[in-house]
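Trainee: Questions regarding the structure given below will be posed in turn.
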Protein chains: 2
Amino acid sequence: MSVLCFCEFPVNGPGMQNSPFRNAAQREADRAEKREAVLRAAVRMFNERGFFATSLDDVAASLGISKRTIYHYLANKDQVLLECVTIGLQQLLRAAEEARAEPGTGRERLVKFLRRYVEINMDDFGICVTRTGEEALSRESLPRYRALKKEIDAAMRQMLNEAINDGSIAPIDIKITAFTLAGALNWPGRWYDPKGALTPTQISMAMVKVLMSGLDTRSE
Amino acid sequence: MSVLCFCEFPVNGPGMQNSPFRNAAQREADRAEKREAVLRAAVRMFNERGFFATSLDDVAASLGISKRTIYHYLANKDQVLLECVTIGLQQLLRAAEEARAEPGTGRERLVKFLRRYVEINMDDFGICVTRTGEEALSRESLPRYRALKKEIDAAMRQMLNEAINDGSIAPIDIKITAFTLAGALNWPGRWYDPKGALTPTQISMAMVKVLMSGLDTRSE
DNA sequence: AGCACAATACACTCATGAGTGCGTATTAAT
DNA sequence: ATTAATACGCACTCATGAGTGTATTGTGCT
């Protein structure tokens with residue numbers, strides 16, 4: 001269920017008593033869960049107030065724990081941010097892989113990807129990616145971040161390429177188009193309001209439609 | 001020549017000796033020039049390292065002056081940022097006004113505006129607008145900033161509306177389209193590299209073309 | 001000459017927030 | 001029961017950077 005839960009052994013799963021005494025695997029799961037809770041609390045605050053305006057003291061307070069405890073699960077503030085954006089980027093990457101595995105024309109796969117892309121960008125971790133400038137990351141974290149971004153960009157370009165090759169979209173400039181799409185689809189991270197009238201699904205459908213059709217009148 | 005020079009009296013203009021003794025108007029112009037220099041230096045650093053990672057000591061050092069001098073021309077760091085983004089936003093606003101004053105169809109005016117919009121977003125002050133999140137501004141500055149943004153958004157929507165009404169573009173959803181365009185056109189502020197292969201003009205032409213035509217194959 | 005003010009610097013205060021040393025409690029392993 | 005390890009908090013250090021009090025110099029005004 002959770003994006004962050006990588007543990008192999010389900011806590012209190014089948015064949016296990018719901019016991020207050022936890023074995024090694026369960027304790028590891030507990031730890032992962034707490035770590036995730038920290039990241040969730042952090043990313044919400046980062047998105048709301050910005051990374052620099054958020055102190056780890058604030059994050060800790062929102063969880064009713066002390067800052068020292070956060071440092072038990074994460075090395076430093078930089079790592080907190082890196083984990084957050086990595087989760088967001090990995091979701092995007094997974095969306096690309098899933099879309100490319102689908103049947104249909106290149107255009108259909110592309111549309112699937114773009115829609116999912118916008119939706120992820122309206123999710124906590126996705127928002128964090130679009131709102132976080134490179135300045136926020138440390139010199140050490142930057143390469144990982146850039147590498148992931150590059151992978152996503154490459155996936156986008158490849159899908160554009162495939163769609164052009166099978167004739168399902170027009171033969172446009174791939175590089176510029178990829179930037180244009182990315183910009184348009186990242187932007188909701190800045191203005192999307194969960195309490196607003198439009199749902200993420202509505203927004204993603206409408207935006208992708210605009211991008212696919214363009215503004216010009218169709219000649220048919 | 002300069003965007004920032006609002007002085008009415010040209011320094012050492014016609015009918016004036018180029019004298020080392022400066023009158024009141026000239027001294028005011030000097031002051032404005034220095035103030036502008038501070039803003040320029042600041043905006044470059046903000047764009048390069050980010051607002052929070054830039055100290056006014058750094059900005060001062062880059063100009064060979066002391067931080068105290070900056071405070072002679074600007075009240076505080078918040079005002080430095082507000083001035084920078086205001087300049088950028090005002091350029092966008094002016095672009096909107098100019099485009100709307102042009103002859104031609106709604107589509108032609110819109111295209112003119114969009115092209116100029118991208119170009120401004122690859123300029124120092126424009127970049128600052130797109131890279132600066134609302135978190136960076138103080139509670140007092142935010143209203144001014146938001147008001148300007150809203151004006152630009154309104155101008156964009158009005159132009160879309162006019163173009164739809166005169167039939168020169170397709171009848172699309174104005175709100176979503178405005179967001180989509182803004183996002184796509186703001187994004188270059190994040191990736192544009194003055195030392196890159198593409199010039200701002202090339203980028204703006206290509207991006208606007210993609211947005212107007214869309215990715216779909218045209219039926220004609 | 002003498003006053004007023006603009007321009008600029010030096011050196012300071014002060015708050016904030018990242019990261020840490022150490023002490024304590026709870027649980028697991030032997 | 002004792003030991004080891006994990007979890008957590010309190011209170012601290014320390015750097016950084018925004019903003020200021022005050023002194024100094026230069027220039028225009030009368």
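Residues in the structure tokens are named by chain (A, B, ... in the order shown) and by number from 1 within that chain; ligands are numbered from 1 in the order shown.
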Can you check which residues of chain C have any atom within 10 Å of chain A? Use only C-alpha atoms (C1' of nucleotides) and format it as a tab-separated table (two decimals) with N, CA and C atoms (P, O5', C5', C4', C3', O3' and C1' of nucleotides), in the first residue's frame.
Mentor:
```
chain	number	residue	atom	x	y	z
C	16	DT	P	14.18	33.75	16.58
C	16	DT	O5'	14.42	32.91	15.24
C	16	DT	C5'	15.22	33.44	14.19
C	16	DT	C4'	16.05	32.31	13.58
C	16	DT	C3'	15.52	30.91	13.91
C	16	DT	O3'	15.42	30.18	12.71
C	16	DT	C1'	17.83	31.05	14.33
C	17	DG	P	14.41	28.95	12.55
C	17	DG	O5'	15.26	27.84	11.81
C	17	DG	C5'	16.41	28.19	11.07
C	17	DG	C4'	17.51	27.18	11.30
C	17	DG	C3'	17.01	25.78	11.72
C	17	DG	O3'	17.82	24.82	11.09
C	17	DG	C1'	18.56	26.55	13.26
C	18	DA	P	17.21	23.41	10.58
C	18	DA	O5'	18.54	22.65	10.15
C	18	DA	C5'	19.54	23.34	9.43
C	18	DA	C4'	20.92	22.88	9.87
C	18	DA	C3'	21.05	21.37	10.08
C	18	DA	O3'	22.28	20.93	9.50
C	18	DA	C1'	21.65	22.52	12.07
C	19	DG	P	22.49	19.40	9.14
C	19	DG	O5'	23.20	18.90	10.48
C	19	DG	C5'	24.51	19.41	10.76
C	19	DG	C4'	24.85	19.14	12.19
C	19	DG	C3'	24.78	17.68	12.66
C	19	DG	O3'	26.07	17.31	13.13
C	19	DG	C1'	23.85	19.11	14.26
C	20	DT	P	26.33	15.85	13.68
C	20	DT	O5'	26.47	16.11	15.24
C	20	DT	C5'	27.27	17.19	15.71
C	20	DT	C4'	27.47	17.07	17.22
C	20	DT	C3'	27.63	15.65	17.75
C	20	DT	O3'	28.57	15.69	18.82
C	20	DT	C1'	25.78	16.66	18.80
C	27	DT	P	8.75	-1.95	26.68
C	27	DT	O5'	9.53	-2.96	25.74
C	27	DT	C5'	10.05	-2.51	24.49
C	27	DT	C4'	11.26	-3.34	24.09
C	27	DT	C3'	11.08	-4.86	24.26
C	27	DT	O3'	11.21	-5.47	22.98
C	27	DT	C1'	13.20	-4.14	25.02
C	28	DA	P	11.06	-7.02	22.78
C	28	DA	O5'	12.58	-7.44	22.56
C	28	DA	C5'	13.38	-6.72	21.62
C	28	DA	C4'	14.66	-7.49	21.35
C	28	DA	C3'	14.52	-9.01	21.34
C	28	DA	O3'	15.42	-9.54	20.34
C	28	DA	C1'	15.93	-8.37	23.15
```
Trainee: Pull out every residue of chain D that has at least one atom within 10 Å of chain B, counting only C-alpha atoms (C1' of nucleotides), and report them as a ChimeraX atom specification.
Mentor: /D:16-20,27-28
Trainee: Got time to write the residues from that selection, N, CA and C atoms (P, O5', C5', C4', C3', O3' and C1' of nucleotides), as a tab-separated table (two decimals), in the first residue's frame?
Mentor:
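Writing done, so here's out30.tsv:
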```tsv
chain	number	residue	atom	x	y	z
D	16	DT	P	30.18	29.65	8.78
D	16	DT	O5'	28.81	29.99	8.06
D	16	DT	C5'	27.61	29.29	8.39
D	16	DT	C4'	26.45	30.25	8.37
D	16	DT	C3'	26.73	31.56	7.61
D	16	DT	O3'	25.66	31.77	6.72
D	16	DT	C1'	25.81	32.02	9.73
D	17	DG	P	25.88	32.65	5.37
D	17	DG	O5'	24.59	33.56	5.33
D	17	DG	C5'	23.42	33.20	6.04
D	17	DG	C4'	22.81	34.42	6.68
D	17	DG	C3'	23.16	35.74	5.98
D	17	DG	O3'	22.00	36.55	5.98
D	17	DG	C1'	23.66	35.89	8.23
D	18	DA	P	21.64	37.57	4.79
D	18	DA	O5'	20.42	38.37	5.39
D	18	DA	C5'	19.40	37.67	6.11
D	18	DA	C4'	18.90	38.52	7.26
D	18	DA	C3'	18.71	39.99	6.93
D	18	DA	O3'	17.47	40.43	7.49
D	18	DA	C1'	20.21	39.77	8.76
D	19	DG	P	16.77	41.74	6.93
D	19	DG	O5'	17.33	42.82	7.96
D	19	DG	C5'	16.96	42.68	9.33
D	19	DG	C4'	17.88	43.51	10.17
D	19	DG	C3'	17.99	44.99	9.80
D	19	DG	O3'	17.60	45.76	10.94
D	19	DG	C1'	20.09	44.08	10.32
D	20	DT	P	17.57	47.35	10.87
D	20	DT	O5'	18.78	47.75	11.82
D	20	DT	C5'	18.91	47.12	13.09
D	20	DT	C4'	20.01	47.79	13.89
D	20	DT	C3'	20.09	49.31	13.75
D	20	DT	O3'	20.46	49.85	15.02
D	20	DT	C1'	22.15	48.39	13.13
D	27	DT	P	34.49	64.94	-3.56
D	27	DT	O5'	33.07	65.61	-3.85
D	27	DT	C5'	31.87	64.88	-3.62
D	27	DT	C4'	30.74	65.84	-3.31
D	27	DT	C3'	30.91	67.23	-3.94
D	27	DT	O3'	29.73	67.54	-4.65
D	27	DT	C1'	30.28	67.39	-1.68
D	28	DG	P	29.68	68.80	-5.64
D	28	DG	O5'	28.35	69.49	-5.11
D	28	DG	C5'	27.16	68.72	-4.97
D	28	DG	C4'	26.18	69.46	-4.07
D	28	DG	C3'	25.87	70.89	-4.51
D	28	DG	O3'	24.47	71.13	-4.34
D	28	DG	C1'	26.69	70.91	-2.29
```
Trainee: What would you get as a PDB file with C-alpha atoms, in the first residue's frame if chain B were moved onto chain A by least squares over all of its C-alpha atoms in order?
Mentor:
```
ATOM      1  CA  MET B   1      -0.119   0.237   0.160  1.00  0.00           C
ATOM      2  CA  SER B   2       2.623   2.557   1.124  1.00  0.00           C
ATOM      3  CA  VAL B   3       5.104   3.727  -1.426  1.00  0.00           C
ATOM      4  CA  LEU B   4       7.843   3.544   1.112  1.00  0.00           C
ATOM      5  CA  CYS B   5       7.349   0.078   2.507  1.00  0.00           C
ATOM      6  CA  PHE B   6      10.025  -2.100   0.991  1.00  0.00           C
ATOM      7  CA  CYS B   7      10.002  -4.717   3.722  1.00  0.00           C
ATOM      8  CA  GLU B   8       9.614  -8.280   2.513  1.00  0.00           C
ATOM      9  CA  PHE B   9       7.798  -9.634   5.535  1.00  0.00           C
ATOM     10  CA  PRO B  10       4.293  -8.373   6.152  1.00  0.00           C
ATOM     11  CA  VAL B  11       3.851  -7.194   9.706  1.00  0.00           C
ATOM     12  CA  ASN B  12       1.422  -9.437  11.517  1.00  0.00           C
ATOM     13  CA  GLY B  13       0.731 -11.167   8.259  1.00  0.00           C
ATOM     14  CA  PRO B  14      -0.790 -14.602   7.674  1.00  0.00           C
ATOM     15  CA  GLY B  15       0.416 -17.312  10.046  1.00  0.00           C
ATOM     16  CA  MET B  16       1.550 -14.824  12.644  1.00  0.00           C
ATOM     17  CA  GLN B  17      -0.076 -13.918  15.909  1.00  0.00           C
ATOM     18  CA  ASN B  18      -0.736 -10.236  16.496  1.00  0.00           C
ATOM     19  CA  SER B  19       1.682 -10.156  19.381  1.00  0.00           C
ATOM     20  CA  PRO B  20       3.081  -7.164  21.236  1.00  0.00           C
ATOM     21  CA  PHE B  21       6.482  -8.875  21.074  1.00  0.00           C
ATOM     22  CA  ARG B  22       8.077  -8.071  17.800  1.00  0.00           C
ATOM     23  CA  ASN B  23      10.686 -10.029  16.001  1.00  0.00           C
ATOM     24  CA  ALA B  24      13.603  -8.607  14.111  1.00  0.00           C
ATOM     25  CA  ALA B  25      11.721  -8.215  10.846  1.00  0.00           C
ATOM     26  CA  GLN B  26       8.825  -6.493  12.522  1.00  0.00           C
ATOM     27  CA  ARG B  27      11.099  -4.103  14.312  1.00  0.00           C
ATOM     28  CA  GLU B  28      12.722  -3.247  11.065  1.00  0.00           C
ATOM     29  CA  ALA B  29       9.297  -2.596   9.630  1.00  0.00           C
ATOM     30  CA  ASP B  30       8.480  -0.358  12.580  1.00  0.00           C
ATOM     31  CA  ARG B  31      11.608   1.558  11.927  1.00  0.00           C
ATOM     32  CA  ALA B  32      10.771   1.961   8.248  1.00  0.00           C
ATOM     33  CA  GLU B  33       7.302   3.130   9.141  1.00  0.00           C
ATOM     34  CA  LYS B  34       8.618   5.787  11.482  1.00  0.00           C
ATOM     35  CA  ARG B  35      11.165   6.901   8.974  1.00  0.00           C
ATOM     36  CA  GLU B  36       8.408   7.233   6.438  1.00  0.00           C
ATOM     37  CA  ALA B  37       6.302   9.240   8.852  1.00  0.00           C
ATOM     38  CA  VAL B  38       9.161  11.675   9.260  1.00  0.00           C
ATOM     39  CA  LEU B  39       9.515  12.033   5.511  1.00  0.00           C
ATOM     40  CA  ARG B  40       5.811  12.586   5.065  1.00  0.00           C
ATOM     41  CA  ALA B  41       5.692  15.250   7.739  1.00  0.00           C
ATOM     42  CA  ALA B  42       8.787  16.877   6.294  1.00  0.00           C
ATOM     43  CA  VAL B  43       7.583  16.934   2.718  1.00  0.00           C
ATOM     44  CA  ARG B  44       4.282  18.502   3.721  1.00  0.00           C
ATOM     45  CA  MET B  45       6.084  21.294   5.512  1.00  0.00           C
ATOM     46  CA  PHE B  46       8.584  21.746   2.725  1.00  0.00           C
ATOM     47  CA  ASN B  47       5.729  22.146   0.275  1.00  0.00           C
ATOM     48  CA  GLU B  48       3.847  24.529   2.497  1.00  0.00           C
ATOM     49  CA  ARG B  49       6.599  26.795   3.782  1.00  0.00           C
ATOM     50  CA  GLY B  50       9.506  25.931   1.557  1.00  0.00           C
ATOM     51  CA  PHE B  51      12.581  23.900   2.363  1.00  0.00           C
ATOM     52  CA  PHE B  52      14.644  26.706   3.866  1.00  0.00           C
ATOM     53  CA  ALA B  53      11.850  28.102   5.968  1.00  0.00           C
ATOM     54  CA  THR B  54      11.252  24.676   7.495  1.00  0.00           C
ATOM     55  CA  SER B  55      13.407  23.680  10.437  1.00  0.00           C
ATOM     56  CA  LEU B  56      13.728  20.102  11.514  1.00  0.00           C
ATOM     57  CA  ASP B  57      12.554  21.300  14.915  1.00  0.00           C
ATOM     58  CA  ASP B  58       9.267  22.241  13.263  1.00  0.00           C
ATOM     59  CA  VAL B  59       8.985  18.873  11.580  1.00  0.00           C
ATOM     60  CA  ALA B  60       9.726  17.094  14.836  1.00  0.00           C
ATOM     61  CA  ALA B  61       7.188  19.203  16.691  1.00  0.00           C
ATOM     62  CA  SER B  62       4.486  18.347  14.166  1.00  0.00           C
ATOM     63  CA  LEU B  63       5.058  14.698  15.015  1.00  0.00           C
ATOM     64  CA  GLY B  64       5.307  15.285  18.738  1.00  0.00           C
ATOM     65  CA  ILE B  65       8.914  14.133  18.880  1.00  0.00           C
ATOM     66  CA  SER B  66      12.238  15.855  19.330  1.00  0.00           C
ATOM     67  CA  LYS B  67      14.635  16.803  16.583  1.00  0.00           C
ATOM     68  CA  ARG B  68      17.149  14.353  17.963  1.00  0.00           C
ATOM     69  CA  THR B  69      14.815  11.530  17.051  1.00  0.00           C
ATOM     70  CA  ILE B  70      14.741  12.589  13.424  1.00  0.00           C
ATOM     71  CA  TYR B  71      18.499  12.264  13.352  1.00  0.00           C
ATOM     72  CA  HIS B  72      18.003   8.700  14.447  1.00  0.00           C
ATOM     73  CA  TYR B  73      16.350   7.857  11.187  1.00  0.00           C
ATOM     74  CA  LEU B  74      18.009  10.268   8.796  1.00  0.00           C
ATOM     75  CA  ALA B  75      21.537  11.569   8.671  1.00  0.00           C
ATOM     76  CA  ASN B  76      20.807  15.247   8.081  1.00  0.00           C
ATOM     77  CA  LYS B  77      18.412  17.726   6.566  1.00  0.00           C
ATOM     78  CA  ASP B  78      19.900  17.274   3.149  1.00  0.00           C
ATOM     79  CA  GLN B  79      19.164  13.574   3.243  1.00  0.00           C
ATOM     80  CA  VAL B  80      15.584  14.242   4.281  1.00  0.00           C
ATOM     81  CA  LEU B  81      15.124  16.339   1.174  1.00  0.00           C
ATOM     82  CA  LEU B  82      16.967  13.930  -1.073  1.00  0.00           C
ATOM     83  CA  GLU B  83      14.753  11.053   0.062  1.00  0.00           C
ATOM     84  CA  CYS B  84      11.641  13.115  -0.555  1.00  0.00           C
ATOM     85  CA  VAL B  85      12.524  14.126  -4.084  1.00  0.00           C
ATOM     86  CA  THR B  86      13.816  10.654  -4.838  1.00  0.00           C
ATOM     87  CA  ILE B  87      10.463   9.174  -3.922  1.00  0.00           C
ATOM     88  CA  GLY B  88       8.739  11.650  -6.215  1.00  0.00           C
ATOM     89  CA  LEU B  89      11.124  11.060  -9.079  1.00  0.00           C
ATOM     90  CA  GLN B  90      10.923   7.313  -8.683  1.00  0.00           C
ATOM     91  CA  GLN B  91       7.164   7.498  -8.977  1.00  0.00           C
ATOM     92  CA  LEU B  92       7.576   9.373 -12.241  1.00  0.00           C
ATOM     93  CA  LEU B  93      10.068   6.836 -13.467  1.00  0.00           C
ATOM     94  CA  ARG B  94       7.764   3.992 -12.629  1.00  0.00           C
ATOM     95  CA  ALA B  95       4.964   5.761 -14.466  1.00  0.00           C
ATOM     96  CA  ALA B  96       7.173   5.923 -17.534  1.00  0.00           C
ATOM     97  CA  GLU B  97       8.014   2.236 -17.336  1.00  0.00           C
ATOM     98  CA  GLU B  98       4.427   1.239 -16.870  1.00  0.00           C
ATOM     99  CA  ALA B  99       3.242   3.373 -19.744  1.00  0.00           C
ATOM    100  CA  ARG B 100       5.864   1.953 -22.054  1.00  0.00           C
ATOM    101  CA  ALA B 101       4.853  -1.581 -21.179  1.00  0.00           C
ATOM    102  CA  GLU B 102       1.288  -0.934 -22.317  1.00  0.00           C
ATOM    103  CA  PRO B 103      -0.089  -2.040 -25.667  1.00  0.00           C
ATOM    104  CA  GLY B 104      -1.377   0.419 -28.254  1.00  0.00           C
ATOM    105  CA  THR B 105       0.136   3.134 -30.393  1.00  0.00           C
ATOM    106  CA  GLY B 106       2.981   5.349 -29.304  1.00  0.00           C
ATOM    107  CA  ARG B 107       0.508   8.152 -28.880  1.00  0.00           C
ATOM    108  CA  GLU B 108      -1.638   6.111 -26.521  1.00  0.00           C
ATOM    109  CA  ARG B 109       1.318   5.176 -24.374  1.00  0.00           C
ATOM    110  CA  LEU B 110       2.506   8.772 -24.348  1.00  0.00           C
ATOM    111  CA  VAL B 111      -0.884  10.075 -23.270  1.00  0.00           C
ATOM    112  CA  LYS B 112      -1.035   7.499 -20.520  1.00  0.00           C
ATOM    113  CA  PHE B 113       2.347   8.644 -19.269  1.00  0.00           C
ATOM    114  CA  LEU B 114       1.573  12.355 -19.435  1.00  0.00           C
ATOM    115  CA  ARG B 115      -1.649  11.952 -17.509  1.00  0.00           C
ATOM    116  CA  ARG B 116       0.049   9.995 -14.776  1.00  0.00           C
ATOM    117  CA  TYR B 117       2.885  12.502 -14.751  1.00  0.00           C
ATOM    118  CA  VAL B 118       0.584  15.390 -13.915  1.00  0.00           C
ATOM    119  CA  GLU B 119      -1.179  13.430 -11.254  1.00  0.00           C
ATOM    120  CA  ILE B 120       2.067  12.545  -9.528  1.00  0.00           C
ATOM    121  CA  ASN B 121       2.986  16.206  -9.613  1.00  0.00           C
ATOM    122  CA  MET B 122      -0.061  16.969  -7.515  1.00  0.00           C
ATOM    123  CA  ASP B 123       0.954  14.459  -4.875  1.00  0.00           C
ATOM    124  CA  ASP B 124       3.033  15.430  -1.829  1.00  0.00           C
ATOM    125  CA  PHE B 125       6.318  13.978  -3.027  1.00  0.00           C
ATOM    126  CA  GLY B 126       5.756  15.041  -6.600  1.00  0.00           C
ATOM    127  CA  ILE B 127       5.028  18.588  -5.537  1.00  0.00           C
ATOM    128  CA  CYS B 128       8.259  18.568  -3.601  1.00  0.00           C
ATOM    129  CA  VAL B 129      10.162  17.695  -6.766  1.00  0.00           C
ATOM    130  CA  THR B 130       8.755  20.591  -8.752  1.00  0.00           C
ATOM    131  CA  ARG B 131       9.056  23.098  -5.948  1.00  0.00           C
ATOM    132  CA  THR B 132      12.584  22.196  -4.999  1.00  0.00           C
ATOM    133  CA  GLY B 133      15.282  23.999  -6.856  1.00  0.00           C
ATOM    134  CA  GLU B 134      18.698  22.489  -7.249  1.00  0.00           C
ATOM    135  CA  GLU B 135      20.104  25.042  -4.816  1.00  0.00           C
ATOM    136  CA  ALA B 136      18.407  23.251  -1.965  1.00  0.00           C
ATOM    137  CA  LEU B 137      20.386  20.064  -2.435  1.00  0.00           C
ATOM    138  CA  SER B 138      23.948  19.604  -1.306  1.00  0.00           C
ATOM    139  CA  ARG B 139      26.849  19.102  -3.636  1.00  0.00           C
ATOM    140  CA  GLU B 140      26.824  15.386  -2.811  1.00  0.00           C
ATOM    141  CA  SER B 141      23.129  14.836  -3.390  1.00  0.00           C
ATOM    142  CA  LEU B 142      22.910  16.745  -6.619  1.00  0.00           C
ATOM    143  CA  PRO B 143      24.364  14.039  -8.892  1.00  0.00           C
ATOM    144  CA  ARG B 144      21.791  11.442  -7.781  1.00  0.00           C
ATOM    145  CA  TYR B 145      19.008  13.966  -8.277  1.00  0.00           C
ATOM    146  CA  ARG B 146      20.203  15.014 -11.696  1.00  0.00           C
ATOM    147  CA  ALA B 147      20.690  11.425 -12.799  1.00  0.00           C
ATOM    148  CA  LEU B 148      17.097  10.565 -11.962  1.00  0.00           C
ATOM    149  CA  LYS B 149      15.806  13.666 -13.704  1.00  0.00           C
ATOM    150  CA  LYS B 150      17.813  12.781 -16.753  1.00  0.00           C
ATOM    151  CA  GLU B 151      16.353   9.284 -16.784  1.00  0.00           C
ATOM    152  CA  ILE B 152      12.858  10.667 -16.775  1.00  0.00           C
ATOM    153  CA  ASP B 153      13.666  13.137 -19.497  1.00  0.00           C
ATOM    154  CA  ALA B 154      15.195  10.321 -21.556  1.00  0.00           C
ATOM    155  CA  ALA B 155      12.072   8.208 -21.077  1.00  0.00           C
ATOM    156  CA  MET B 156       9.892  11.086 -22.199  1.00  0.00           C
ATOM    157  CA  ARG B 157      11.983  11.656 -25.304  1.00  0.00           C
ATOM    158  CA  GLN B 158      12.031   7.998 -26.167  1.00  0.00           C
ATOM    159  CA  MET B 159       8.261   7.831 -25.984  1.00  0.00           C
ATOM    160  CA  LEU B 160       7.970  10.894 -28.188  1.00  0.00           C
ATOM    161  CA  ASN B 161      10.356   9.261 -30.599  1.00  0.00           C
ATOM    162  CA  GLU B 162       8.374   6.038 -30.706  1.00  0.00           C
ATOM    163  CA  ALA B 163       5.125   7.879 -31.246  1.00  0.00           C
ATOM    164  CA  ILE B 164       6.606   9.882 -34.089  1.00  0.00           C
ATOM    165  CA  ASN B 165       8.056   6.769 -35.660  1.00  0.00           C
ATOM    166  CA  ASP B 166       4.792   4.857 -35.663  1.00  0.00           C
ATOM    167  CA  GLY B 167       3.097   7.927 -37.091  1.00  0.00           C
ATOM    168  CA  SER B 168       0.682   8.393 -34.217  1.00  0.00           C
ATOM    169  CA  ILE B 169       1.824  11.959 -33.495  1.00  0.00           C
ATOM    170  CA  ALA B 170       3.224  14.725 -35.658  1.00  0.00           C
ATOM    171  CA  PRO B 171       6.981  14.850 -36.339  1.00  0.00           C
ATOM    172  CA  ILE B 172       7.847  17.642 -33.910  1.00  0.00           C
ATOM    173  CA  ASP B 173      11.165  18.726 -32.399  1.00  0.00           C
ATOM    174  CA  ILE B 174      11.678  16.190 -29.626  1.00  0.00           C
ATOM    175  CA  LYS B 175      13.952  18.196 -27.368  1.00  0.00           C
ATOM    176  CA  ILE B 176      11.853  21.334 -27.309  1.00  0.00           C
ATOM    177  CA  THR B 177       8.653  19.349 -27.015  1.00  0.00           C
ATOM    178  CA  ALA B 178       9.961  17.393 -24.059  1.00  0.00           C
ATOM    179  CA  PHE B 179      10.847  20.627 -22.275  1.00  0.00           C
ATOM    180  CA  THR B 180       7.501  22.147 -23.119  1.00  0.00           C
ATOM    181  CA  LEU B 181       5.587  19.154 -21.840  1.00  0.00           C
ATOM    182  CA  ALA B 182       7.673  18.886 -18.695  1.00  0.00           C
ATOM    183  CA  GLY B 183       7.160  22.553 -17.904  1.00  0.00           C
ATOM    184  CA  ALA B 184       3.438  22.487 -18.441  1.00  0.00           C
ATOM    185  CA  LEU B 185       3.010  19.285 -16.468  1.00  0.00           C
ATOM    186  CA  ASN B 186       5.256  20.338 -13.604  1.00  0.00           C
ATOM    187  CA  TRP B 187       3.486  23.614 -13.050  1.00  0.00           C
ATOM    188  CA  PRO B 188       0.435  22.228 -11.241  1.00  0.00           C
ATOM    189  CA  GLY B 189       2.809  21.559  -8.355  1.00  0.00           C
ATOM    190  CA  ARG B 190       2.812  25.320  -7.903  1.00  0.00           C
ATOM    191  CA  TRP B 191      -0.880  26.111  -8.132  1.00  0.00           C
ATOM    192  CA  TYR B 192      -2.820  22.916  -7.480  1.00  0.00           C
ATOM    193  CA  ASP B 193      -5.068  23.238  -4.463  1.00  0.00           C
ATOM    194  CA  PRO B 194      -6.523  19.992  -3.044  1.00  0.00           C
ATOM    195  CA  LYS B 195      -9.443  22.014  -1.745  1.00  0.00           C
ATOM    196  CA  GLY B 196     -10.080  23.562  -5.157  1.00  0.00           C
ATOM    197  CA  ALA B 197     -12.939  22.694  -7.493  1.00  0.00           C
ATOM    198  CA  LEU B 198     -10.915  20.599  -9.914  1.00  0.00           C
ATOM    199  CA  THR B 199      -9.774  17.078  -9.120  1.00  0.00           C
ATOM    200  CA  PRO B 200      -6.314  15.872 -10.176  1.00  0.00           C
ATOM    201  CA  THR B 201      -7.944  13.583 -12.743  1.00  0.00           C
ATOM    202  CA  GLN B 202      -9.913  16.412 -14.302  1.00  0.00           C
ATOM    203  CA  ILE B 203      -6.842  18.601 -14.420  1.00  0.00           C
ATOM    204  CA  SER B 204      -4.662  15.924 -15.967  1.00  0.00           C
ATOM    205  CA  MET B 205      -7.224  15.080 -18.629  1.00  0.00           C
ATOM    206  CA  ALA B 206      -7.781  18.692 -19.576  1.00  0.00           C
ATOM    207  CA  MET B 207      -4.118  19.604 -19.651  1.00  0.00           C
ATOM    208  CA  VAL B 208      -3.088  16.647 -21.735  1.00  0.00           C
ATOM    209  CA  LYS B 209      -5.916  17.376 -24.139  1.00  0.00           C
ATOM    210  CA  VAL B 210      -4.714  20.943 -24.623  1.00  0.00           C
ATOM    211  CA  LEU B 211      -1.151  19.787 -25.163  1.00  0.00           C
ATOM    212  CA  MET B 212      -2.084  17.107 -27.647  1.00  0.00           C
ATOM    213  CA  SER B 213      -4.476  19.216 -29.707  1.00  0.00           C
ATOM    214  CA  GLY B 214      -2.847  22.617 -29.387  1.00  0.00           C
ATOM    215  CA  LEU B 215      -4.729  25.868 -29.556  1.00  0.00           C
ATOM    216  CA  ASP B 216      -5.102  26.109 -33.306  1.00  0.00           C
ATOM    217  CA  THR B 217      -8.389  25.276 -34.948  1.00  0.00           C
ATOM    218  CA  ARG B 218      -8.318  21.858 -36.498  1.00  0.00           C
ATOM    219  CA  SER B 219      -8.892  21.951 -40.211  1.00  0.00           C
ATOM    220  CA  GLU B 220     -11.347  19.040 -40.252  1.00  0.00           C
TER     221      GLU B 220
END
```
Trainee: I'd like the neighbourhood of DT30 in chain C as a compact mmCIF listing (two decimals) with N, CA and C atoms (P, O5', C5', C4', C3', O3' and C1' of nucleotides), in the first residue's frame, where a residue qualifies if any of its atoms comes within 12 Å (using only C-alpha atoms (C1' of nucleotides)), though same-chain residues fewer than 6 positions away should be ignored.
Mentor:
```
# COMPACT_ATOMS: atom_id res chain seq x y z
P DA D 1 15.45 -11.86 38.16
O5' DA D 1 16.94 -11.34 38.04
C5' DA D 1 17.91 -11.79 38.97
C4' DA D 1 19.26 -11.63 38.34
C3' DA D 1 19.70 -10.19 38.22
O3' DA D 1 21.12 -10.15 38.36
C1' DA D 1 19.47 -11.13 36.04
P DT D 2 21.88 -8.83 38.44
O5' DT D 2 22.58 -8.83 37.02
C5' DT D 2 23.28 -10.01 36.59
C4' DT D 2 23.83 -9.77 35.19
C3' DT D 2 24.31 -8.36 34.90
O3' DT D 2 25.55 -8.45 34.19
C1' DT D 2 22.71 -8.97 33.28
P DT D 3 26.39 -7.17 33.88
O5' DT D 3 26.33 -7.16 32.30
C5' DT D 3 26.45 -8.39 31.59
C4' DT D 3 26.04 -8.17 30.14
C3' DT D 3 26.52 -6.84 29.54
O3' DT D 3 27.09 -7.10 28.27
C1' DT D 3 24.19 -7.08 29.21
P DA D 4 27.85 -5.98 27.48
O5' DA D 4 26.91 -5.78 26.21
C5' DA D 4 26.41 -6.94 25.54
C4' DA D 4 25.47 -6.49 24.44
C3' DA D 4 25.89 -5.20 23.74
O3' DA D 4 25.69 -5.35 22.35
C1' DA D 4 23.72 -4.93 24.69
```
